[in-house]
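I have placed the structure first, in the form of structure tokens, so that the comments after it can refer back to it.
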Amino acid sequence: MKDSSILSVLGFTLILSSLSACAKPNTIEPETRVEVLEVPIKKPAPIVPTIDVLELRDVEWIIVTEENYLESMKRIRDSGVEVVIFGLTSEGYENLSLNINDLRKTIQQQQTIIAIYDKSYND
């Protein structure tokens, strides 16, 4: 009899705890809604060093030909500077001019690319 009374007390306790668990108020909070907004972020402008101002020095060109080479040498000696001659053939002078033109073209292309980057970062 003792065993059955222990069993009935345990059963009653189990039923009572089950009922009391069902009677508790809902402790789970209602789900909160998360809203995601996509906002474009403006890219910061790159930090670049400033470029030095290009100040070119004057260069004096003297055209020396077979007819005026003695006169040109005398004029250079009379001016008090050391006589040094850098010679170019007509083809070499043409190549020098074309190289300078190519250099100018490359600089303009780089300036165009820099302007495109500048516009994309500052708009």
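Identifiers for the structure tokens are assigned positionally: chains receive A, B, ... in sequence, residues are indexed from 1 per chain, and ligands are indexed from 1 in the order shown.
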| Filtered DSSP result for chain A, state helix (DSSP H, G or I), as JSON, numbers by chain | {"A": [2, 3, 4, 5, 6, 7, 8, 9, 10, 11, 12, 13, 14, 15, 16, 17, 18, 19, 20, 21, 22, 23, 69, 70, 71, 72, 73, 74, 75, 76, 77, 78, 90, 91, 92, 93, 94, 95, 96, 97, 98, 99, 100, 101, 102, 103, 104, 105, 106, 107, 108, 109, 110, 111, 112, 113, 114, 115, 116, 117, 118, 119, 120, 121, 122]}
| said: I'd like the contact shell of segment 57-69 of chain A - 10 Å cut-off, only C-alpha atoms, skipping same-chain residues fewer than 6 positions apart - returned as an NGL selection string. | reply: :A and (75-76 or 85 or 87)
| query | When you draw a straight line from atom CA of Asn101 of chain A to atom CA of Thr89 of chain A, how long is it in Å? | reply |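 For atom CA of Asn101 of chain A relative to atom CA of Thr89 of chain A, the distance reads 18.4 Å.
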